[in-house]
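Source file protein_29.pdb; content: PDB, C-alpha atoms, pLDDT in the B column.
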```pdb
ATOM      1  CA  MET A   1      17.623  -6.695 -13.391  1.00 35.00           C
ATOM      2  CA  ARG A   2      16.095  -3.778 -11.496  1.00 38.00           C
ATOM      3  CA  ILE A   3      16.209  -3.915  -7.708  1.00 42.00           C
ATOM      4  CA  ALA A   4      12.403  -4.166  -7.613  1.00 39.00           C
ATOM      5  CA  HIS A   5      12.401  -7.307  -9.729  1.00 39.00           C
ATOM      6  CA  LYS A   6      15.158  -8.711  -7.543  1.00 39.00           C
ATOM      7  CA  ALA A   7      12.962  -8.018  -4.508  1.00 40.00           C
ATOM      8  CA  VAL A   8      10.081 -10.011  -5.944  1.00 39.00           C
ATOM      9  CA  ALA A   9      12.383 -12.858  -6.972  1.00 39.00           C
ATOM     10  CA  ILE A  10      14.043 -12.944  -3.566  1.00 39.00           C
ATOM     11  CA  LEU A  11      10.722 -12.754  -1.720  1.00 41.00           C
ATOM     12  CA  ALA A  12       9.351 -15.528  -3.933  1.00 41.00           C
ATOM     13  CA  ALA A  13      12.405 -17.680  -3.178  1.00 37.00           C
ATOM     14  CA  ALA A  14      12.054 -16.950   0.523  1.00 41.00           C
ATOM     15  CA  ALA A  15       8.378 -17.807   0.218  1.00 41.00           C
ATOM     16  CA  SER A  16       9.110 -21.391  -0.651  1.00 34.00           C
ATOM     17  CA  PHE A  17      10.949 -21.759   2.659  1.00 32.00           C
ATOM     18  CA  SER A  18       8.759 -19.615   4.888  1.00 38.00           C
ATOM     19  CA  GLY A  19       5.128 -20.267   4.029  1.00 40.00           C
ATOM     20  CA  ILE A  20       4.447 -17.090   2.041  1.00 39.00           C
ATOM     21  CA  THR A  21       2.021 -17.604  -0.772  1.00 36.00           C
ATOM     22  CA  VAL A  22       2.986 -15.912  -4.035  1.00 36.00           C
ATOM     23  CA  LEU A  23      -0.031 -15.266  -6.230  1.00 34.00           C
ATOM     24  CA  ASP A  24       0.012 -15.348 -10.038  1.00 34.00           C
ATOM     25  CA  SER A  25       0.106 -11.531 -10.150  1.00 38.00           C
ATOM     26  CA  GLY A  26       3.399 -11.531  -8.255  1.00 43.00           C
ATOM     27  CA  THR A  27       1.651 -10.345  -5.102  1.00 46.00           C
ATOM     28  CA  ALA A  28       2.807 -12.017  -1.897  1.00 48.00           C
ATOM     29  CA  THR A  29       0.579 -12.560   1.080  1.00 50.00           C
ATOM     30  CA  ALA A  30       2.700 -13.184   4.124  1.00 47.00           C
ATOM     31  CA  ALA A  31       1.861 -15.951   6.531  1.00 70.00           C
ATOM     32  CA  VAL A  32       5.121 -15.559   8.463  1.00 89.00           C
ATOM     33  CA  PRO A  33       7.524 -12.683   9.080  1.00 94.00           C
ATOM     34  CA  VAL A  34       9.831 -11.567   6.258  1.00 93.00           C
ATOM     35  CA  THR A  35      13.081  -9.662   6.816  1.00 96.00           C
ATOM     36  CA  ALA A  36      13.884  -7.009   4.212  1.00 96.00           C
ATOM     37  CA  SER A  37      15.345  -3.570   3.654  1.00 97.00           C
ATOM     38  CA  LEU A  38      12.938  -0.859   2.479  1.00 98.00           C
ATOM     39  CA  GLN A  39      14.205   1.475  -0.255  1.00 98.00           C
ATOM     40  CA  ALA A  40      12.495   4.717  -1.319  1.00 98.00           C
ATOM     41  CA  GLN A  41      11.775   4.917  -5.034  1.00 98.00           C
ATOM     42  CA  SER A  42      12.445   8.667  -5.094  1.00 97.00           C
ATOM     43  CA  ASP A  43      16.140   8.695  -4.186  1.00 97.00           C
ATOM     44  CA  ASN A  44      17.182   5.100  -3.459  1.00 97.00           C
ATOM     45  CA  THR A  45      17.674   5.780   0.243  1.00 98.00           C
ATOM     46  CA  ASN A  46      16.821   3.052   2.754  1.00 98.00           C
ATOM     47  CA  LEU A  47      14.720   3.214   5.882  1.00 98.00           C
ATOM     48  CA  ASP A  48      17.262   3.218   8.720  1.00 98.00           C
ATOM     49  CA  GLU A  49      17.012   2.471  12.469  1.00 97.00           C
ATOM     50  CA  TYR A  50      19.098   5.530  13.290  1.00 94.00           C
ATOM     51  CA  LEU A  51      20.051   5.264  17.021  1.00 93.00           C
ATOM     52  CA  GLY A  52      16.956   3.181  17.839  1.00 93.00           C
ATOM     53  CA  THR A  53      14.641   6.154  18.301  1.00 96.00           C
ATOM     54  CA  ASN A  54      14.320   7.976  14.997  1.00 94.00           C
ATOM     55  CA  VAL A  55      13.644   6.540  11.558  1.00 98.00           C
ATOM     56  CA  LEU A  56      15.683   8.188   8.807  1.00 98.00           C
ATOM     57  CA  THR A  57      16.220   7.546   5.125  1.00 98.00           C
ATOM     58  CA  ARG A  58      19.943   6.994   4.625  1.00 98.00           C
ATOM     59  CA  ASP A  59      22.493   5.745   2.139  1.00 98.00           C
ATOM     60  CA  PRO A  60      21.878   2.027   1.496  1.00 97.00           C
ATOM     61  CA  GLY A  61      25.483   1.281   2.492  1.00 96.00           C
ATOM     62  CA  PHE A  62      24.720   1.740   6.189  1.00 96.00           C
ATOM     63  CA  THR A  63      24.178  -1.239   8.476  1.00 93.00           C
ATOM     64  CA  TYR A  64      20.929  -0.861  10.460  1.00 96.00           C
ATOM     65  CA  GLN A  65      18.478  -1.103   7.590  1.00 98.00           C
ATOM     66  CA  ASN A  66      16.932  -4.546   7.947  1.00 98.00           C
ATOM     67  CA  TRP A  67      13.353  -4.784   9.118  1.00 98.00           C
ATOM     68  CA  THR A  68      11.154  -7.713  10.025  1.00 98.00           C
ATOM     69  CA  LEU A  69       7.713  -7.363   8.457  1.00 97.00           C
ATOM     70  CA  THR A  70       5.363  -9.360  10.673  1.00 97.00           C
ATOM     71  CA  PRO A  71       1.787  -9.949   9.494  1.00 97.00           C
ATOM     72  CA  ILE A  72      -0.919  -9.236  12.056  1.00 96.00           C
ATOM     73  CA  GLY A  73      -3.731 -11.188  10.386  1.00 92.00           C
ATOM     74  CA  ASP A  74      -5.926  -8.313   9.232  1.00 94.00           C
ATOM     75  CA  GLY A  75      -3.634  -7.474   6.306  1.00 95.00           C
ATOM     76  CA  SER A  76      -1.440  -5.130   8.326  1.00 97.00           C
ATOM     77  CA  PHE A  77       2.168  -5.610   9.427  1.00 98.00           C
ATOM     78  CA  THR A  78       4.449  -4.423  12.183  1.00 98.00           C
ATOM     79  CA  ILE A  79       7.839  -3.193  10.946  1.00 98.00           C
ATOM     80  CA  LYS A  80      10.472  -4.149  13.520  1.00 98.00           C
ATOM     81  CA  GLY A  81      14.126  -3.177  13.297  1.00 98.00           C
ATOM     82  CA  THR A  82      16.484  -6.147  13.480  1.00 98.00           C
ATOM     83  CA  HIS A  83      19.197  -4.262  15.401  1.00 97.00           C
ATOM     84  CA  TYR A  84      17.376  -2.326  18.137  1.00 97.00           C
ATOM     85  CA  GLY A  85      14.267  -4.535  18.115  1.00 98.00           C
ATOM     86  CA  LYS A  86      11.770  -1.660  18.106  1.00 98.00           C
ATOM     87  CA  CYS A  87       8.808  -1.094  15.811  1.00 98.00           C
ATOM     88  CA  VAL A  88       8.140   1.804  13.445  1.00 98.00           C
ATOM     89  CA  ALA A  89       5.332   3.998  14.827  1.00 98.00           C
ATOM     90  CA  SER A  90       3.358   6.786  13.197  1.00 98.00           C
ATOM     91  CA  ASN A  91       2.890   9.928  15.272  1.00 98.00           C
ATOM     92  CA  GLY A  92       0.229  11.555  13.106  1.00 97.00           C
ATOM     93  CA  LEU A  93      -0.017  13.625   9.966  1.00 98.00           C
ATOM     94  CA  GLY A  94       3.210  15.468   9.169  1.00 98.00           C
ATOM     95  CA  ALA A  95       5.056  14.067  12.186  1.00 98.00           C
ATOM     96  CA  ASN A  96       8.331  12.138  12.165  1.00 98.00           C
ATOM     97  CA  VAL A  97       7.914   8.383  12.515  1.00 98.00           C
ATOM     98  CA  THR A  98       9.797   6.906  15.457  1.00 98.00           C
ATOM     99  CA  GLN A  99      10.684   3.535  16.947  1.00 98.00           C
ATOM    100  CA  LYS A 100       8.907   2.285  20.042  1.00 98.00           C
ATOM    101  CA  PRO A 101       8.793  -0.993  21.946  1.00 98.00           C
ATOM    102  CA  CYS A 102       6.684  -3.295  19.786  1.00 98.00           C
ATOM    103  CA  ASN A 103       2.991  -3.645  20.577  1.00 98.00           C
ATOM    104  CA  ALA A 104       0.877  -5.178  17.794  1.00 96.00           C
ATOM    105  CA  ASN A 105      -2.256  -3.843  19.514  1.00 97.00           C
ATOM    106  CA  ASP A 106      -1.071  -0.250  19.004  1.00 98.00           C
ATOM    107  CA  LEU A 107      -2.559   0.869  15.668  1.00 98.00           C
ATOM    108  CA  ALA A 108       0.217   3.467  15.332  1.00 98.00           C
ATOM    109  CA  GLN A 109       2.635   0.527  14.872  1.00 98.00           C
ATOM    110  CA  ARG A 110       0.549  -1.250  12.238  1.00 98.00           C
ATOM    111  CA  TRP A 111       1.099  -0.649   8.536  1.00 98.00           C
ATOM    112  CA  TYR A 112      -0.511  -1.831   5.310  1.00 98.00           C
ATOM    113  CA  LEU A 113       1.878  -2.730   2.491  1.00 97.00           C
ATOM    114  CA  ASP A 114       2.332  -5.387  -0.166  1.00 93.00           C
ATOM    115  CA  PRO A 115       5.871  -6.787  -0.069  1.00 88.00           C
ATOM    116  CA  GLY A 116       5.229  -8.661  -3.330  1.00 86.00           C
ATOM    117  CA  LEU A 117       4.924  -5.530  -5.470  1.00 90.00           C
ATOM    118  CA  ASP A 118       7.811  -3.739  -7.216  1.00 91.00           C
ATOM    119  CA  PHE A 119       6.838  -0.571  -5.329  1.00 95.00           C
ATOM    120  CA  THR A 120       4.415  -0.391  -2.425  1.00 97.00           C
ATOM    121  CA  ALA A 121       3.003   2.389  -0.299  1.00 98.00           C
ATOM    122  CA  ILE A 122       3.314   1.807   3.454  1.00 98.00           C
ATOM    123  CA  ALA A 123       0.009   3.064   4.867  1.00 98.00           C
ATOM    124  CA  SER A 124      -0.705   3.793   8.518  1.00 98.00           C
ATOM    125  CA  ALA A 125      -3.450   1.691  10.121  1.00 98.00           C
ATOM    126  CA  LYS A 126      -4.141   4.438  12.669  1.00 98.00           C
ATOM    127  CA  TYR A 127      -3.994   7.615  10.620  1.00 97.00           C
ATOM    128  CA  LEU A 128      -6.170   6.835   7.622  1.00 93.00           C
ATOM    129  CA  ASP A 129      -5.112   8.171   4.203  1.00 96.00           C
ATOM    130  CA  THR A 130      -1.529   8.678   5.414  1.00 98.00           C
ATOM    131  CA  VAL A 131       1.588   6.834   4.273  1.00 98.00           C
ATOM    132  CA  LEU A 132       5.258   6.609   5.153  1.00 98.00           C
ATOM    133  CA  GLN A 133       7.213   9.236   3.230  1.00 98.00           C
ATOM    134  CA  ALA A 134      10.941   9.609   2.531  1.00 98.00           C
ATOM    135  CA  ASN A 135      12.189  13.202   2.748  1.00 98.00           C
ATOM    136  CA  GLY A 136      15.732  12.940   1.405  1.00 97.00           C
ATOM    137  CA  LEU A 137      19.122  11.702   2.484  1.00 97.00           C
ATOM    138  CA  ASP A 138      19.677  11.660   6.268  1.00 97.00           C
ATOM    139  CA  ARG A 139      16.236  13.155   6.914  1.00 98.00           C
ATOM    140  CA  PRO A 140      13.485  11.772   9.159  1.00 98.00           C
ATOM    141  CA  ALA A 141      10.733   9.736   7.514  1.00 98.00           C
ATOM    142  CA  THR A 142       7.269  11.191   8.133  1.00 98.00           C
ATOM    143  CA  THR A 143       3.635  10.176   7.795  1.00 98.00           C
ATOM    144  CA  GLU A 144       1.939  12.279   5.115  1.00 98.00           C
ATOM    145  CA  LEU A 145      -1.273  12.296   3.082  1.00 98.00           C
ATOM    146  CA  SER A 146      -1.130   9.664   0.367  1.00 97.00           C
ATOM    147  CA  LEU A 147      -0.357  11.352  -2.955  1.00 97.00           C
ATOM    148  CA  GLY A 148       1.211   8.399  -4.787  1.00 96.00           C
ATOM    149  CA  THR A 149       4.497  10.250  -5.286  1.00 97.00           C
ATOM    150  CA  THR A 150       7.818   8.420  -5.632  1.00 98.00           C
ATOM    151  CA  ASN A 151       8.901   9.420  -2.121  1.00 98.00           C
ATOM    152  CA  GLN A 152       5.876   7.459  -0.859  1.00 98.00           C
ATOM    153  CA  GLN A 153       6.729   4.271  -2.751  1.00 98.00           C
ATOM    154  CA  TRP A 154       9.020   1.645  -1.230  1.00 98.00           C
ATOM    155  CA  THR A 155      10.761  -1.481  -2.491  1.00 97.00           C
ATOM    156  CA  PRO A 156      11.274  -4.315  -0.006  1.00 96.00           C
ATOM    157  CA  TYR A 157      14.441  -6.255  -0.848  1.00 96.00           C
ATOM    158  CA  VAL A 158      16.958  -8.540   0.795  1.00 94.00           C
ATOM    159  CA  LYS A 159      20.162  -6.599   1.429  1.00 89.00           C
TER     160      LYS A 159
END
```
structure tokens encoding of this file:
Amino acid sequence: MRIAHKAVAILAAAASFSGITVLDSGTATAAVPVTASLQAQSDNTNLDEYLGTNVLTRDPGFTYQNWTLTPIGDGSFTIKGTHYGKCVASNGLGANVTQKPCNANDLAQRWYLDPGLDFTAIASAKYLDTVLQANGLDRPATTELSLGTTNQQWTPYVK
């Protein structure tokens, strides 16, 4: 079973315990936070809380790669690291994403994604038409124009 299908199955199982509604299409709409790792389709690297300030894509064997996806209510989510407790923030087109103290009212910390899909883009709520992009092993993640490329597609899964 591919990791993406495992992600949907795991999220669906978690849904029964957490109040997430799984639609017939396999799409999940979160009513409560979900904790998952986020893996880039392009190179199977995971979003990593590297030192609590930067956000890198690193080998999935590393530890600090679990994120709590908390729904805001408008369809967006905050993405909070489970180790350092900070949220992923966009810093504009082409800039490295960083971690900052969580503030759901800060649009730079709000992201649109669908954790029920095999692969989902993670779009910035502040910088329209931009998405989270992986840039290779041990490289900072950035916010770039949405092109639909594999380095802009992510799989949420339970690690």
To one decimal place, how far is atom CA of A:Trp111 from atom CA of A:Ile79 in Å?
-> 7.6 Å
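For the choices A:Asn103, A:Asn91, A:Thr35, A:Asn44, the atom-to-atom distance to A:Asp138 is smallest for A:Asn44 when using all atoms listed in the file.
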I need the residue set behind the PyMOL selection byres ((chain A and resi 84) around 10) for this file; please write it as a PyMOL selection string.
-> chain A and resi 49-53+64+80-83+85-87+99-101
Keeping only C-alpha atoms, write those residues as an mmCIF file, in the frame of the given file.
```cif
data_model
loop_
_atom_site.group_PDB
_atom_site.id
_atom_site.type_symbol
_atom_site.label_atom_id
_atom_site.label_comp_id
_atom_site.auth_asym_id
_atom_site.auth_seq_id
_atom_site.Cartn_x
_atom_site.Cartn_y
_atom_site.Cartn_z
ATOM 1 C CA GLU A 49 17.012 2.471 12.469
ATOM 2 C CA TYR A 50 19.098 5.530 13.290
ATOM 3 C CA LEU A 51 20.051 5.264 17.021
ATOM 4 C CA GLY A 52 16.956 3.181 17.839
ATOM 5 C CA THR A 53 14.641 6.154 18.301
ATOM 6 C CA TYR A 64 20.929 -0.861 10.460
ATOM 7 C CA LYS A 80 10.472 -4.149 13.520
ATOM 8 C CA GLY A 81 14.126 -3.177 13.297
ATOM 9 C CA THR A 82 16.484 -6.147 13.480
ATOM 10 C CA HIS A 83 19.197 -4.262 15.401
ATOM 11 C CA GLY A 85 14.267 -4.535 18.115
ATOM 12 C CA LYS A 86 11.770 -1.660 18.106
ATOM 13 C CA CYS A 87 8.808 -1.094 15.811
ATOM 14 C CA GLN A 99 10.684 3.535 16.947
ATOM 15 C CA LYS A 100 8.907 2.285 20.042
ATOM 16 C CA PRO A 101 8.793 -0.993 21.946
#
```
Residues in the PyMOL selection byres ((chain A and resi 34) around 8), expressed as a PyMOL selection string | chain A and resi 30+32-33+35-36+68-70
Atom pair atom CA of A:Asn105 / atom CA of A:Ala31: separation (Å) = 18.2 Å
Select, counting all atoms listed in the file, all protein, DNA and RNA residues no farther than 12 Å from (13.4, -0.7, 3.8) in file coordinates, and express the selection as JSON, numbers by chain.
-> {"A": [4, 7, 34, 35, 36, 37, 38, 39, 40, 41, 44, 45, 46, 47, 48, 49, 55, 56, 57, 58, 59, 60, 62, 63, 64, 65, 66, 67, 68, 69, 79, 80, 81, 82, 88, 113, 115, 119, 120, 121, 122, 132, 133, 134, 141, 153, 154, 155, 156, 157, 158, 159]}
Expected file contents, prior selection, C-alpha atoms, as a compact mmCIF listing (two decimals), in the frame of the given file:
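Result saved to out_32.txt:
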```txt
# COMPACT_ATOMS: atom_id res chain seq x y z
CA ALA A 4 12.40 -4.17 -7.61
CA ALA A 7 12.96 -8.02 -4.51
CA VAL A 34 9.83 -11.57 6.26
CA THR A 35 13.08 -9.66 6.82
CA ALA A 36 13.88 -7.01 4.21
CA SER A 37 15.34 -3.57 3.65
CA LEU A 38 12.94 -0.86 2.48
CA GLN A 39 14.20 1.48 -0.26
CA ALA A 40 12.50 4.72 -1.32
CA GLN A 41 11.78 4.92 -5.03
CA ASN A 44 17.18 5.10 -3.46
CA THR A 45 17.67 5.78 0.24
CA ASN A 46 16.82 3.05 2.75
CA LEU A 47 14.72 3.21 5.88
CA ASP A 48 17.26 3.22 8.72
CA GLU A 49 17.01 2.47 12.47
CA VAL A 55 13.64 6.54 11.56
CA LEU A 56 15.68 8.19 8.81
CA THR A 57 16.22 7.55 5.12
CA ARG A 58 19.94 6.99 4.62
CA ASP A 59 22.49 5.74 2.14
CA PRO A 60 21.88 2.03 1.50
CA PHE A 62 24.72 1.74 6.19
CA THR A 63 24.18 -1.24 8.48
CA TYR A 64 20.93 -0.86 10.46
CA GLN A 65 18.48 -1.10 7.59
CA ASN A 66 16.93 -4.55 7.95
CA TRP A 67 13.35 -4.78 9.12
CA THR A 68 11.15 -7.71 10.02
CA LEU A 69 7.71 -7.36 8.46
CA ILE A 79 7.84 -3.19 10.95
CA LYS A 80 10.47 -4.15 13.52
CA GLY A 81 14.13 -3.18 13.30
CA THR A 82 16.48 -6.15 13.48
CA VAL A 88 8.14 1.80 13.44
CA LEU A 113 1.88 -2.73 2.49
CA PRO A 115 5.87 -6.79 -0.07
CA PHE A 119 6.84 -0.57 -5.33
CA THR A 120 4.42 -0.39 -2.42
CA ALA A 121 3.00 2.39 -0.30
CA ILE A 122 3.31 1.81 3.45
CA LEU A 132 5.26 6.61 5.15
CA GLN A 133 7.21 9.24 3.23
CA ALA A 134 10.94 9.61 2.53
CA ALA A 141 10.73 9.74 7.51
CA GLN A 153 6.73 4.27 -2.75
CA TRP A 154 9.02 1.64 -1.23
CA THR A 155 10.76 -1.48 -2.49
CA PRO A 156 11.27 -4.32 -0.01
CA TYR A 157 14.44 -6.26 -0.85
CA VAL A 158 16.96 -8.54 0.80
CA LYS A 159 20.16 -6.60 1.43
```
Using the chain letters and residue numbers of this document, give as a list in words the residues selected by the PyMOL selection byres ((chain A and resi 108) around 6).
->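 Applied to this file, the PyMOL selection byres ((chain A and resi 108) around 6) returns Ala89, Ser90, Asp106, Leu107, Gln109, Arg110 and Lys126 of chain A.
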Any idea what's packed within 8 Å of A:Gly94, counting all atoms listed in the file, ignoring anything in its chain fewer than 5 positions away? Could you give it as a VMD selection string?
-> chain A and resid 142 to 144
Considering only C-alpha atoms, state which residue in the set A:Asn151, A:Thr78, A:Ala95, A:Tyr112 is at the smallest distance from A:Ser124.
->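 Closest to A:Ser124 of all the choices is A:Tyr112.
Atom pair atom CA of A:Phe77 / atom CA of A:Tyr127: separated by 14.6 Å.
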Please complete stretch 44-66 of chain A with N, CA, C and O atoms and give it back as a short mmCIF file (atom, residue, chain, number, x, y, z; two decimals), in the frame of the given file.
```cif
data_model
loop_
_atom_site.label_atom_id
_atom_site.label_comp_id
_atom_site.auth_asym_id
_atom_site.auth_seq_id
_atom_site.Cartn_x
_atom_site.Cartn_y
_atom_site.Cartn_z
N ASN A 44 16.44 6.32 -3.78
CA ASN A 44 17.18 5.10 -3.46
C ASN A 44 17.83 5.12 -2.08
O ASN A 44 18.86 4.49 -1.86
N THR A 45 17.23 5.85 -1.14
CA THR A 45 17.67 5.78 0.24
C THR A 45 16.89 4.68 0.94
O THR A 45 15.80 4.31 0.51
N ASN A 46 17.46 4.13 2.01
CA ASN A 46 16.82 3.05 2.75
C ASN A 46 16.31 3.55 4.09
O ASN A 46 16.93 4.41 4.73
N LEU A 47 15.22 2.95 4.54
CA LEU A 47 14.72 3.21 5.88
C LEU A 47 15.76 2.69 6.86
O LEU A 47 16.25 1.57 6.73
N ASP A 48 16.13 3.51 7.84
CA ASP A 48 17.26 3.22 8.72
C ASP A 48 16.85 3.37 10.18
O ASP A 48 16.14 4.31 10.53
N GLU A 49 17.32 2.47 11.04
CA GLU A 49 17.01 2.47 12.47
C GLU A 49 17.83 3.48 13.26
O GLU A 49 18.09 3.26 14.44
N TYR A 50 18.18 4.55 12.72
CA TYR A 50 19.10 5.53 13.29
C TYR A 50 18.96 5.67 14.81
O TYR A 50 17.97 6.18 15.31
N LEU A 51 19.92 5.18 15.56
CA LEU A 51 20.05 5.26 17.02
C LEU A 51 18.90 4.62 17.80
O LEU A 51 18.80 4.81 19.00
N GLY A 52 18.01 3.90 17.14
CA GLY A 52 16.96 3.18 17.84
C GLY A 52 15.80 4.03 18.31
O GLY A 52 14.93 3.55 19.04
N THR A 53 15.77 5.29 17.92
CA THR A 53 14.64 6.15 18.30
C THR A 53 14.00 6.78 17.08
O THR A 53 12.79 6.76 16.93
N ASN A 54 14.81 7.34 16.21
CA ASN A 54 14.32 7.98 15.00
C ASN A 54 14.32 6.98 13.85
O ASN A 54 14.99 5.95 13.91
N VAL A 55 13.62 7.32 12.79
CA VAL A 55 13.64 6.54 11.56
C VAL A 55 14.02 7.51 10.45
O VAL A 55 13.29 8.46 10.17
N LEU A 56 15.20 7.31 9.86
CA LEU A 56 15.68 8.19 8.81
C LEU A 56 15.73 7.43 7.49
O LEU A 56 15.68 6.20 7.45
N THR A 57 15.88 8.17 6.40
CA THR A 57 16.22 7.55 5.12
C THR A 57 17.68 7.89 4.87
O THR A 57 18.07 9.05 4.87
N ARG A 58 18.50 6.81 4.70
CA ARG A 58 19.94 6.99 4.62
C ARG A 58 20.52 6.20 3.46
O ARG A 58 19.86 5.35 2.87
N ASP A 59 21.77 6.45 3.18
CA ASP A 59 22.49 5.74 2.14
C ASP A 59 22.35 4.23 2.37
O ASP A 59 22.49 3.77 3.50
N PRO A 60 22.07 3.46 1.32
CA PRO A 60 21.88 2.03 1.50
C PRO A 60 23.12 1.27 1.95
O PRO A 60 23.03 0.10 2.30
N GLY A 61 24.27 1.93 2.02
CA GLY A 61 25.48 1.28 2.49
C GLY A 61 25.57 1.15 4.00
O GLY A 61 26.42 0.43 4.51
N PHE A 62 24.69 1.83 4.73
CA PHE A 62 24.72 1.74 6.19
C PHE A 62 24.18 0.40 6.68
O PHE A 62 23.51 -0.33 5.94
N THR A 63 24.44 0.09 7.93
CA THR A 63 24.18 -1.24 8.48
C THR A 63 22.76 -1.48 8.98
O THR A 63 22.18 -2.50 8.70
N TYR A 64 22.17 -0.56 9.73
CA TYR A 64 20.93 -0.86 10.46
C TYR A 64 19.70 -0.58 9.61
O TYR A 64 18.89 0.29 9.91
N GLN A 65 19.55 -1.36 8.55
CA GLN A 65 18.48 -1.10 7.59
C GLN A 65 17.67 -2.35 7.27
O GLN A 65 16.98 -2.41 6.26
N ASN A 66 17.74 -3.34 8.14
CA ASN A 66 16.93 -4.55 7.95
C ASN A 66 15.75 -4.51 8.90
O ASN A 66 15.91 -4.20 10.09
#
```
